[in-house]
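Source file: start-v4.csv; contents: CSV, C-alpha atoms.
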chain,number,residue,atom,x,y,z
A,5,MET,CA,-60.8,-26.5,-43.7
A,6,VAL,CA,-63.7,-24.5,-42.4
A,7,ASN,CA,-65.6,-21.6,-43.8
A,8,VAL,CA,-65.4,-18.5,-41.6
A,9,ILE,CA,-66.1,-14.8,-41.7
A,10,GLY,CA,-63.9,-12.1,-40.1
A,11,VAL,CA,-65.6,-9.5,-37.8
A,12,ARG,CA,-64.4,-6.3,-36.2
A,13,PHE,CA,-66.2,-5.0,-33.1
A,14,LYS,CA,-64.4,-1.7,-33.0
A,15,SER,CA,-62.6,0.5,-35.6
A,16,ALA,CA,-59.1,-0.9,-36.4
A,17,GLU,CA,-59.6,-3.6,-33.9
A,18,LYS,CA,-58.0,-7.0,-34.6
A,19,VAL,CA,-60.2,-9.2,-36.8
A,20,ALA,CA,-62.0,-12.1,-35.0
A,21,TYR,CA,-63.1,-15.2,-36.9
A,22,PHE,CA,-66.4,-17.0,-36.5
A,23,THR,CA,-68.0,-20.0,-38.2
A,24,LYS,CA,-70.7,-18.8,-40.5
A,25,GLY,CA,-72.9,-21.9,-40.8
A,26,GLU,CA,-75.2,-22.1,-43.9
A,27,GLU,CA,-75.7,-18.3,-43.9
A,28,THR,CA,-74.0,-16.1,-46.5
A,29,TYR,CA,-72.5,-12.8,-45.3
A,30,CYS,CA,-71.2,-9.8,-47.2
A,31,VAL,CA,-68.5,-7.3,-46.2
A,32,GLY,CA,-70.1,-4.4,-44.4
A,33,GLU,CA,-73.0,-6.3,-42.9
A,34,ASN,CA,-73.7,-6.0,-39.2
A,35,VAL,CA,-73.8,-9.2,-37.2
A,36,ILE,CA,-74.3,-10.5,-33.6
A,37,CYS,CA,-71.6,-12.8,-32.4
A,38,LYS,CA,-70.9,-14.7,-29.1
A,39,THR,CA,-67.4,-13.9,-27.7
A,40,SER,CA,-65.7,-14.6,-24.4
A,41,HIS,CA,-67.2,-11.3,-23.1
A,42,GLY,CA,-70.8,-12.3,-24.2
A,43,LEU,CA,-72.9,-11.1,-27.1
A,44,GLU,CA,-71.3,-8.4,-29.2
A,45,PHE,CA,-72.3,-6.3,-32.2
A,46,GLY,CA,-69.8,-6.2,-35.0
A,47,LYS,CA,-69.3,-5.6,-38.7
A,48,VAL,CA,-68.1,-8.2,-41.3
A,49,CYS,CA,-64.8,-7.2,-42.8
A,50,VAL,CA,-63.8,-10.6,-44.3
A,51,ALA,CA,-66.5,-12.7,-46.0
A,52,ASN,CA,-66.5,-16.4,-46.6
A,53,LYS,CA,-62.9,-17.3,-46.0
A,54,GLN,CA,-61.5,-20.8,-45.6
A,55,ILE,CA,-58.9,-21.5,-42.9
A,56,ASP,CA,-57.2,-24.7,-41.8
A,57,THR,CA,-58.5,-25.9,-38.4
A,58,LYS,CA,-55.0,-27.1,-37.6
A,59,ASN,CA,-53.9,-23.5,-37.1
A,60,LEU,CA,-56.6,-22.7,-34.5
A,61,ASN,CA,-55.6,-22.4,-30.9
A,62,THR,CA,-59.2,-22.5,-29.7
A,63,PRO,CA,-62.4,-23.7,-31.2
A,64,LEU,CA,-64.3,-21.2,-33.3
A,65,LYS,CA,-67.6,-19.8,-32.1
A,66,PRO,CA,-70.5,-19.3,-34.5
A,67,VAL,CA,-72.1,-16.1,-35.7
A,68,ILE,CA,-75.5,-15.8,-33.9
A,69,ARG,CA,-77.3,-13.9,-36.7
A,70,LYS,CA,-77.3,-11.0,-39.0
A,71,ALA,CA,-78.2,-7.8,-37.1
A,72,THR,CA,-81.8,-6.8,-37.3
A,73,PRO,CA,-83.2,-3.2,-37.2
A,74,LYS,CA,-83.9,-3.9,-33.5
A,75,ASP,CA,-80.3,-5.0,-32.9
A,76,ILE,CA,-79.0,-1.8,-34.6
A,77,LYS,CA,-81.3,0.3,-32.4
A,78,ILE,CA,-80.0,-1.5,-29.2
A,79,HIS,CA,-76.4,-0.9,-30.4
A,80,LYS,CA,-77.0,2.8,-30.8
A,81,GLU,CA,-78.6,2.9,-27.4
A,82,ASN,CA,-75.5,1.2,-25.9
A,83,LEU,CA,-73.2,3.8,-27.5
A,84,ARG,CA,-75.3,6.6,-25.9
A,85,LEU,CA,-75.2,4.9,-22.5
A,86,GLU,CA,-71.4,4.5,-22.8
A,87,ASN,CA,-71.0,8.2,-23.4
A,88,GLU,CA,-73.2,9.0,-20.4
A,89,ALA,CA,-71.3,6.5,-18.2
A,90,ILE,CA,-68.0,8.3,-18.7
A,91,SER,CA,-68.8,11.4,-16.7
A,92,ILE,CA,-70.4,9.3,-13.9
A,93,SER,CA,-67.4,7.0,-13.7
A,94,GLU,CA,-64.9,9.9,-13.6
A,95,GLU,CA,-66.8,11.3,-10.6
A,96,CYS,CA,-66.4,7.9,-8.9
A,97,ILE,CA,-62.7,7.8,-9.6
A,98,LYS,CA,-62.3,11.3,-8.0
A,99,LYS,CA,-64.4,10.2,-5.0
A,100,HIS,CA,-62.1,7.2,-4.5
A,101,LYS,CA,-59.0,9.4,-5.0
A,102,LEU,CA,-57.4,7.0,-7.6
A,103,TYR,CA,-54.6,8.2,-9.8
A,104,MET,CA,-56.0,6.8,-13.1
A,105,LYS,CA,-57.2,8.3,-16.3
A,106,LEU,CA,-60.4,6.8,-17.8
A,107,ILE,CA,-60.0,6.4,-21.6
A,108,SER,CA,-63.2,4.7,-22.7
A,109,ILE,CA,-66.1,2.5,-21.7
A,110,SER,CA,-67.6,-0.3,-23.7
A,111,TYR,CA,-70.8,-2.3,-23.2
A,112,THR,CA,-71.3,-5.8,-24.5
A,113,PHE,CA,-74.4,-6.0,-26.8
A,114,ASP,CA,-76.5,-7.7,-24.1
A,115,ARG,CA,-75.3,-5.2,-21.4
A,116,ASN,CA,-74.2,-8.1,-19.2
A,117,LYS,CA,-70.7,-6.5,-18.8
A,118,MET,CA,-69.1,-3.1,-19.0
A,119,LEU,CA,-65.4,-2.8,-19.9
A,120,PHE,CA,-63.5,0.2,-18.5
A,121,PHE,CA,-60.1,1.1,-20.1
A,122,PHE,CA,-57.8,3.3,-18.2
A,123,THR,CA,-54.2,4.4,-18.0
A,124,SER,CA,-52.0,5.0,-14.9
A,125,GLU,CA,-48.4,5.4,-14.2
A,126,ASN,CA,-48.6,2.9,-11.3
A,127,ARG,CA,-50.6,-0.1,-10.3
A,128,VAL,CA,-54.1,0.8,-9.1
A,129,ASP,CA,-56.1,-0.9,-6.4
A,130,PHE,CA,-59.6,-0.4,-7.9
A,131,ARG,CA,-61.5,-3.1,-5.9
A,132,SER,CA,-63.7,-0.6,-4.0
A,133,LEU,CA,-64.2,1.3,-7.3
A,134,VAL,CA,-65.5,-1.8,-9.0
A,135,LYS,CA,-68.1,-2.4,-6.2
A,136,ASN,CA,-69.2,1.2,-6.5
A,137,LEU,CA,-69.6,1.1,-10.3
A,138,ALA,CA,-71.4,-2.3,-10.1
A,139,ALA,CA,-73.9,-0.7,-7.7
A,140,ILE,CA,-74.5,2.2,-10.0
A,141,PHE,CA,-74.8,0.4,-13.4
A,142,HIS,CA,-76.2,-3.0,-12.1
A,143,THR,CA,-74.0,-5.1,-14.3
A,144,ARG,CA,-70.6,-6.9,-14.3
A,145,ILE,CA,-67.6,-4.5,-14.3
A,146,GLU,CA,-64.2,-5.2,-15.7
A,147,LEU,CA,-61.4,-2.7,-15.5
A,148,ARG,CA,-58.3,-2.9,-17.9
A,149,GLN,CA,-55.2,-0.9,-17.6
A,150,ILE,CA,-53.7,-0.1,-21.0
A,151,GLY,CA,-50.6,1.6,-22.4
A,152,VAL,CA,-50.2,4.9,-24.1
A,153,ARG,CA,-50.3,3.3,-27.6
A,154,ASP,CA,-53.6,1.7,-26.8
A,155,GLU,CA,-54.9,5.0,-25.5
A,156,ALA,CA,-54.1,6.6,-28.9
A,157,LYS,CA,-55.8,3.8,-30.7
A,158,LEU,CA,-59.0,4.1,-28.7
A,159,LEU,CA,-59.2,7.9,-28.8
A,160,GLY,CA,-57.9,8.5,-32.3
A,161,GLY,CA,-56.6,11.8,-33.6
A,162,ILE,CA,-54.5,13.5,-36.3
A,163,GLY,CA,-50.8,12.6,-36.6
A,164,THR,CA,-47.9,14.8,-37.6
A,165,CYS,CA,-48.4,13.7,-41.2
A,166,GLY,CA,-51.8,15.3,-41.2
A,167,LYS,CA,-53.7,12.1,-41.5
A,168,SER,CA,-55.7,10.1,-38.9
A,169,PHE,CA,-53.7,7.8,-36.6
A,170,CYS,CA,-52.7,4.6,-38.3
A,171,CYS,CA,-53.4,2.6,-35.2
A,172,SER,CA,-57.0,3.9,-35.1
A,173,THR,CA,-57.8,3.4,-38.8
A,174,PHE,CA,-56.1,0.3,-40.3
A,175,LEU,CA,-53.4,-1.2,-38.1
A,176,ASN,CA,-54.7,-4.5,-36.5
A,177,GLY,CA,-52.1,-4.4,-33.7
A,178,PHE,CA,-48.8,-3.0,-32.4
A,179,TYR,CA,-45.4,-4.2,-33.4
A,180,PRO,CA,-41.9,-3.4,-31.9
A,181,VAL,CA,-40.4,-0.3,-33.3
A,182,SER,CA,-36.6,0.5,-32.9
A,183,ILE,CA,-34.4,3.5,-33.3
A,184,LYS,CA,-32.4,1.4,-35.8
A,185,MET,CA,-35.3,1.6,-38.2
A,186,ALA,CA,-35.1,5.4,-38.1
A,187,LYS,CA,-31.4,5.2,-38.9
A,188,GLU,CA,-31.9,2.9,-41.8
A,189,GLN,CA,-34.6,5.1,-43.2
A,190,ASN,CA,-32.3,8.2,-43.0
A,191,LEU,CA,-34.6,10.0,-40.6
A,192,SER,CA,-33.7,12.6,-38.0
A,193,LEU,CA,-32.9,10.9,-34.7
A,194,ASN,CA,-34.5,13.8,-32.8
A,195,PRO,CA,-37.2,12.0,-30.6
A,196,SER,CA,-39.7,14.8,-31.2
A,197,LYS,CA,-39.6,14.2,-35.0
A,198,ILE,CA,-39.9,10.5,-35.1
A,199,SER,CA,-42.3,10.0,-32.2
A,200,GLY,CA,-46.1,9.8,-32.6
A,201,CYS,CA,-48.6,11.7,-30.4
A,202,CYS,CA,-48.5,8.9,-28.0
A,203,GLY,CA,-44.9,9.6,-27.2
A,204,ARG,CA,-43.6,6.3,-28.7
A,205,LEU,CA,-41.7,5.8,-32.0
A,206,MET,CA,-44.1,6.1,-34.9
A,207,CYS,CA,-45.7,2.9,-36.0
A,208,CYS,CA,-45.1,3.7,-39.7
A,209,LEU,CA,-41.4,3.1,-39.1
A,210,GLU,CA,-42.1,-0.6,-38.6
A,211,TYR,CA,-44.5,-1.3,-41.5
A,212,GLU,CA,-42.3,0.7,-44.0
A,213,GLN,CA,-39.1,-1.0,-42.9
A,214,ASN,CA,-39.4,-3.9,-45.4
A,215,THR,CA,-39.5,-1.5,-48.2
A,216,TYR,CA,-36.4,0.3,-47.0
A,217,ASN,CA,-34.6,-3.1,-46.4
A,218,TYR,CA,-35.2,-3.9,-50.1
A,219,LEU,CA,-34.3,-0.5,-51.4
A,220,ASN,CA,-31.1,-0.3,-49.3
A,221,LYS,CA,-29.9,-3.6,-50.7
A,222,ILE,CA,-30.3,-2.4,-54.3
A,223,SER,CA,-29.1,1.2,-53.8
A,224,PRO,CA,-25.6,2.6,-53.6
A,225,LYS,CA,-24.4,4.5,-50.5
A,226,SER,CA,-22.6,7.7,-50.1
A,227,GLY,CA,-18.9,7.1,-51.0
A,228,ASP,CA,-19.6,4.1,-53.3
A,229,VAL,CA,-17.8,4.1,-56.6
A,230,VAL,CA,-20.3,3.5,-59.3
A,231,LYS,CA,-20.4,3.1,-63.1
A,232,THR,CA,-22.9,5.5,-64.8
A,233,PRO,CA,-23.9,5.9,-68.5
A,234,GLU,CA,-21.4,8.7,-68.6
A,235,GLY,CA,-18.5,7.0,-66.9
A,236,GLU,CA,-17.3,6.2,-63.4
A,237,GLY,CA,-17.9,8.4,-60.3
A,238,THR,CA,-18.5,8.5,-56.6
A,239,VAL,CA,-21.9,8.8,-55.0
A,240,VAL,CA,-22.3,12.0,-53.0
A,241,ASP,CA,-25.8,11.5,-51.7
A,242,GLY,CA,-29.3,10.4,-52.8
A,243,ASN,CA,-32.9,9.7,-52.0
A,244,THR,CA,-33.7,6.1,-51.3
A,245,LEU,CA,-37.4,6.4,-52.1
A,246,THR,CA,-37.1,8.3,-55.4
A,247,GLY,CA,-34.0,6.4,-56.4
A,248,GLU,CA,-32.2,9.6,-57.5
A,249,TYR,CA,-28.5,9.9,-56.6
A,250,ARG,CA,-25.9,12.7,-57.1
A,251,VAL,CA,-22.7,11.4,-58.5
A,252,LYS,CA,-19.3,13.2,-58.7
A,253,MET,CA,-17.8,12.2,-62.0
A,254,ALA,CA,-14.2,10.9,-61.9
A,255,ASP,CA,-13.2,12.8,-65.0
A,256,SER,CA,-14.5,16.1,-63.7
A,257,PRO,CA,-14.3,16.1,-59.8
A,258,ASP,CA,-14.7,19.9,-59.5
A,259,ALA,CA,-17.9,20.0,-61.6
A,260,ILE,CA,-21.4,19.9,-60.1
A,261,PRO,CA,-22.4,16.3,-59.4
A,262,LYS,CA,-24.7,14.7,-61.9
A,263,ILE,CA,-28.0,13.1,-61.0
A,264,PHE,CA,-28.7,9.5,-62.0
A,265,ASN,CA,-31.5,7.0,-61.2
A,266,ARG,CA,-30.2,3.9,-59.4
A,267,ASN,CA,-31.4,1.7,-62.3
A,268,PHE,CA,-28.6,3.1,-64.3
A,269,LEU,CA,-25.9,2.8,-61.6
A,270,LYS,CA,-23.6,-0.2,-61.1
A,271,ILE,CA,-21.7,-0.4,-57.9
A,272,LEU,CA,-18.0,-1.0,-58.6
A,273,LYS,CA,-16.6,-0.5,-55.1
A,274,LYS,CA,-18.3,0.0,-51.8
A,275,THR,CA,-16.9,2.4,-49.1
A,276,LYS,CA,-14.8,1.1,-46.3
A,277,ILE,CA,-17.5,2.0,-43.8
A,278,GLN,CA,-19.9,-0.1,-45.8
A,279,ASP,CA,-17.5,-3.1,-45.7
A,280,LYS,CA,-17.1,-2.8,-41.9
A,281,ARG,CA,-20.9,-3.2,-41.5

Any chance you could put this one into structure tokens?
Amino acid sequence: MVNVIGVRFKSAEKVAYFTKGEETYCVGENVICKTSHGLEFGKVCVANKQIDTKNLNTPLKPVIRKATPKDIKIHKENLRLENEAISISEECIKKHKLYMKLISISYTFDRNKMLFFFTSENRVDFRSLVKNLAAIFHTRIELRQIGVRDEAKLLGGIGTCGKSFCCSTFLNGFYPVSIKMAKEQNLSLNPSKISGCCGRLMCCLEYEQNTYNYLNKISPKSGDVVKTPEGEGTVVDGNTLTGEYRVKMADSPDAIPKIFNRNFLKILKKTKIQDKR
């Protein structure tokens, strides 16, 4: 076992772990770490955690130091330079007539490298562009082509739910999302209603799926014959999340269905459709 701390270098980015040495770190503190890209400025999000070295694919690198006031000043200056570099870089892209959309630019803390993130429908030969950018910014240049989901994560925004994108706030990564999840969650299969602003199926379908899997197992389906506190009946419909179901009572089939919570329903017979599944 080894003591480590978890650090994020960008908002909602995947947590990277580093050995902490003898120093004690608290969540929210700014630190300087050495990564594969060079020195980077990050924020502690997991403090003093023990992990098994057997589960590590590569050796952990140490935290260099806590960020000093001078380091914070350099970081702010890097952010300013990144914003200025966007307009300059976009002009270079137009000059080289490349069909690519620049999304963001990121400096390493020591400014030894600039990372350019872009989207494009096709492969882009950007070798001449890299030479041009290196001559302008006098540092190493690395261009990375990303997908539309990564674009949404980097840019951020407001989703159809009215809240900030999950991917740009708390999700550490992307996971496969299928139309089957939407079916099991009783959602409309209209793509415009179950797709995020990136045009892909909404991420929330995936991380809410476990809850629906559990609720669907303990809940009756439409057409199931159930036993209620007031006698037997057939489920008409219901709400999986609230657990409220409308039941047509066997002794009064023409009456308005009664509402029961699933905790008071016992499934006596499942529908034939249910059995075929």

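Here the selection is built from all atoms listed in the file, and the residues within 8 Å of (-65.8, -24.2, -46.6) turn out to be A:Met5, A:Val6, A:Asn7, A:Val8, A:Asn52, A:Lys53, A:Gln54.
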
Tell me which protein, DNA and RNA residues are within 7 Å of A:Ser172, counting only C-alpha atoms, leaving out same-chain ones fewer than 4 positions away, and put them as an mmCIF file with C-alpha atoms, keeping the file's coordinate frame.
data_model
loop_
_atom_site.group_PDB
_atom_site.id
_atom_site.type_symbol
_atom_site.label_atom_id
_atom_site.label_comp_id
_atom_site.auth_asym_id
_atom_site.auth_seq_id
_atom_site.Cartn_x
_atom_site.Cartn_y
_atom_site.Cartn_z
ATOM 1 C CA SER A 15 -62.600 0.500 -35.600
ATOM 2 C CA ALA A 16 -59.100 -0.900 -36.400
ATOM 3 C CA LYS A 157 -55.800 3.800 -30.700
ATOM 4 C CA LEU A 158 -59.000 4.100 -28.700
ATOM 5 C CA GLY A 160 -57.900 8.500 -32.300
#

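Between atom CA of A:Cys201 and atom CA of A:Glu86 the interatomic distance comes to 25.1 Å.
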
Could you give me, as a short mmCIF file (atom, residue, chain, number, x, y, z; two decimals) with C-alpha atoms, in the frame of the given file, the residues within 10 Å of A:Gly161, counting only C-alpha atoms and dropping anything in the same chain fewer than 2 positions from it?
data_model
loop_
_atom_site.label_atom_id
_atom_site.label_comp_id
_atom_site.auth_asym_id
_atom_site.auth_seq_id
_atom_site.Cartn_x
_atom_site.Cartn_y
_atom_site.Cartn_z
CA ALA A 156 -54.10 6.60 -28.90
CA LYS A 157 -55.80 3.80 -30.70
CA LEU A 158 -59.00 4.10 -28.70
CA LEU A 159 -59.20 7.90 -28.80
CA GLY A 163 -50.80 12.60 -36.60
CA GLY A 166 -51.80 15.30 -41.20
CA LYS A 167 -53.70 12.10 -41.50
CA SER A 168 -55.70 10.10 -38.90
CA PHE A 169 -53.70 7.80 -36.60
CA CYS A 170 -52.70 4.60 -38.30
CA CYS A 171 -53.40 2.60 -35.20
CA SER A 172 -57.00 3.90 -35.10
CA THR A 173 -57.80 3.40 -38.80
CA CYS A 201 -48.60 11.70 -30.40
#

Name the residues, using the chain letters and numbers of the file, that sit within 12 Å of (-80.5, -5.8, -33.2) when counting only C-alpha atoms, and give them as a CSV table (one decimal) with C-alpha atoms, in the frame of the given file.
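Generated file (out26.csv):
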chain,number,residue,atom,x,y,z
A,34,ASN,CA,-73.7,-6.0,-39.2
A,35,VAL,CA,-73.8,-9.2,-37.2
A,36,ILE,CA,-74.3,-10.5,-33.6
A,37,CYS,CA,-71.6,-12.8,-32.4
A,43,LEU,CA,-72.9,-11.1,-27.1
A,44,GLU,CA,-71.3,-8.4,-29.2
A,45,PHE,CA,-72.3,-6.3,-32.2
A,46,GLY,CA,-69.8,-6.2,-35.0
A,68,ILE,CA,-75.5,-15.8,-33.9
A,69,ARG,CA,-77.3,-13.9,-36.7
A,70,LYS,CA,-77.3,-11.0,-39.0
A,71,ALA,CA,-78.2,-7.8,-37.1
A,72,THR,CA,-81.8,-6.8,-37.3
A,73,PRO,CA,-83.2,-3.2,-37.2
A,74,LYS,CA,-83.9,-3.9,-33.5
A,75,ASP,CA,-80.3,-5.0,-32.9
A,76,ILE,CA,-79.0,-1.8,-34.6
A,77,LYS,CA,-81.3,0.3,-32.4
A,78,ILE,CA,-80.0,-1.5,-29.2
A,79,HIS,CA,-76.4,-0.9,-30.4
A,80,LYS,CA,-77.0,2.8,-30.8
A,81,GLU,CA,-78.6,2.9,-27.4
A,82,ASN,CA,-75.5,1.2,-25.9
A,113,PHE,CA,-74.4,-6.0,-26.8
A,114,ASP,CA,-76.5,-7.7,-24.1

Checklist entry - Between atom CA of A:Ile97 and atom CA of A:Arg204, what is the spacing in Å? => result 27.1 Å

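One distance worth recording is that between atom CA of A:Val181 and atom CA of A:Pro195, which is 13.0 Å.
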
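Closest to A:Asn214 among A:Val230, A:Ile107, A:Met253, A:Met185 is A:Met185, based on only C-alpha atoms.
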
Next on the checklist: Using all atoms listed in the file, which protein or nucleic acid residues come within 10 Å of A:Phe268? Drop anything in the same chain fewer than 4 positions from it, and give the result as a list in words.
Outcome noted: Val230, Lys231, Thr232, Pro233 and Phe264 of chain A

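Summary of the local environment: counting all atoms listed in the file, residues at most 12 Å from A:Leu209, other than itself and those fewer than 6 positions away along its chain, are Cys170, Phe178, Tyr179, Pro180, Val181, Ser182, Ile183, Lys184, Met185, Ala186, Lys187, Glu188, Gln189, Asn190, Leu191, Lys197, Ile198, Ser199, Gly200, Thr215, Tyr216 and Asn217 of chain A.
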
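Compared by their closest atoms to A:Asp154, and using all atoms listed in the file, the residues A:Phe174, A:Glu17, A:Thr246, A:His142 rank with A:Glu17 nearest.
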
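Residue nearest A:Asp255, chosen from A:Thr238, A:Asn126, A:Ser108, A:Thr275 and counting all atoms listed in the file: A:Thr238.
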
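With distances restricted to only C-alpha atoms, A:Pro66 is the closest residue to A:Gly25 from A:Pro66, A:Thr112, A:Arg84, A:Lys38.
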
Checklist entry - Do you know which residues are at most 8 Å from A:Thr244 counting only C-alpha atoms, after dropping those on the same chain fewer than 4 positions away, and could you put them as a list of chain:residue names? => result A:Tyr216, A:Leu219, A:Asn220, A:Ser223, A:Glu248

Padding 4 Å on each side, edges along x, y and z: where is the centre of the box around the listed atoms of stretch 109-115 of chain A, and how long are its edges in Å to one decimal? Output it as lines of an AutoDock Vina configuration file.
center_x = -71.3
center_y = -2.6
center_z = -24.1
size_x = 18.4
size_y = 18.2
size_z = 13.4

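Minimum atom-to-atom distance to A:Phe122, evaluated using all atoms listed in the file, belongs to A:Arg148 out of A:Lys98, A:Lys135, A:Arg148, A:Lys47.
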
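Nearest residue to A:Phe22, choosing from A:Lys262, A:Ile90, A:Cys208, A:Ala51 and counting all atoms listed in the file: A:Ala51.
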
Missing atoms in stretch 6-18 of chain A need filling: write out N, CA, C and O atoms for it as a compact mmCIF listing (two decimals), in the coordinates of the input.
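That gives us selection-v4.txt:
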# COMPACT_ATOMS: atom_id res chain seq x y z
N VAL A 6 -62.40 -24.96 -42.87
CA VAL A 6 -63.70 -24.50 -42.40
C VAL A 6 -64.00 -23.14 -42.95
O VAL A 6 -63.09 -22.31 -43.05
N ASN A 7 -65.26 -22.90 -43.32
CA ASN A 7 -65.60 -21.60 -43.80
C ASN A 7 -65.92 -20.65 -42.65
O ASN A 7 -66.67 -20.97 -41.74
N VAL A 8 -65.30 -19.47 -42.70
CA VAL A 8 -65.40 -18.50 -41.60
C VAL A 8 -65.68 -17.12 -42.19
O VAL A 8 -65.50 -16.89 -43.38
N ILE A 9 -66.07 -16.19 -41.30
CA ILE A 9 -66.10 -14.80 -41.70
C ILE A 9 -65.29 -14.02 -40.62
O ILE A 9 -65.18 -14.44 -39.47
N GLY A 10 -64.71 -12.90 -41.04
CA GLY A 10 -63.90 -12.10 -40.10
C GLY A 10 -64.78 -10.88 -39.68
O GLY A 10 -65.44 -10.23 -40.50
N VAL A 11 -64.77 -10.60 -38.38
CA VAL A 11 -65.60 -9.50 -37.80
C VAL A 11 -64.76 -8.61 -36.97
O VAL A 11 -63.87 -9.04 -36.24
N ARG A 12 -65.04 -7.31 -37.08
CA ARG A 12 -64.40 -6.30 -36.20
C ARG A 12 -65.53 -5.72 -35.34
O ARG A 12 -66.61 -5.40 -35.81
N PHE A 13 -65.22 -5.55 -34.05
CA PHE A 13 -66.20 -5.00 -33.10
C PHE A 13 -65.95 -3.51 -32.85
O PHE A 13 -66.85 -2.80 -32.43
N LYS A 14 -64.72 -3.07 -33.10
CA LYS A 14 -64.40 -1.70 -33.00
C LYS A 14 -63.51 -1.28 -34.17
O LYS A 14 -62.88 -2.15 -34.80
N SER A 15 -63.46 0.00 -34.49
CA SER A 15 -62.60 0.50 -35.60
C SER A 15 -61.18 0.11 -35.40
O SER A 15 -60.62 0.34 -34.34
N ALA A 16 -60.55 -0.48 -36.43
CA ALA A 16 -59.10 -0.90 -36.40
C ALA A 16 -58.79 -1.93 -35.40
O ALA A 16 -57.63 -2.18 -35.12
N GLU A 17 -59.81 -2.57 -34.83
CA GLU A 17 -59.60 -3.60 -33.90
C GLU A 17 -59.13 -4.90 -34.63
O GLU A 17 -59.44 -5.07 -35.81
N LYS A 18 -58.44 -5.79 -33.94
CA LYS A 18 -58.00 -7.00 -34.60
C LYS A 18 -59.21 -7.84 -35.03
O LYS A 18 -60.23 -7.91 -34.36
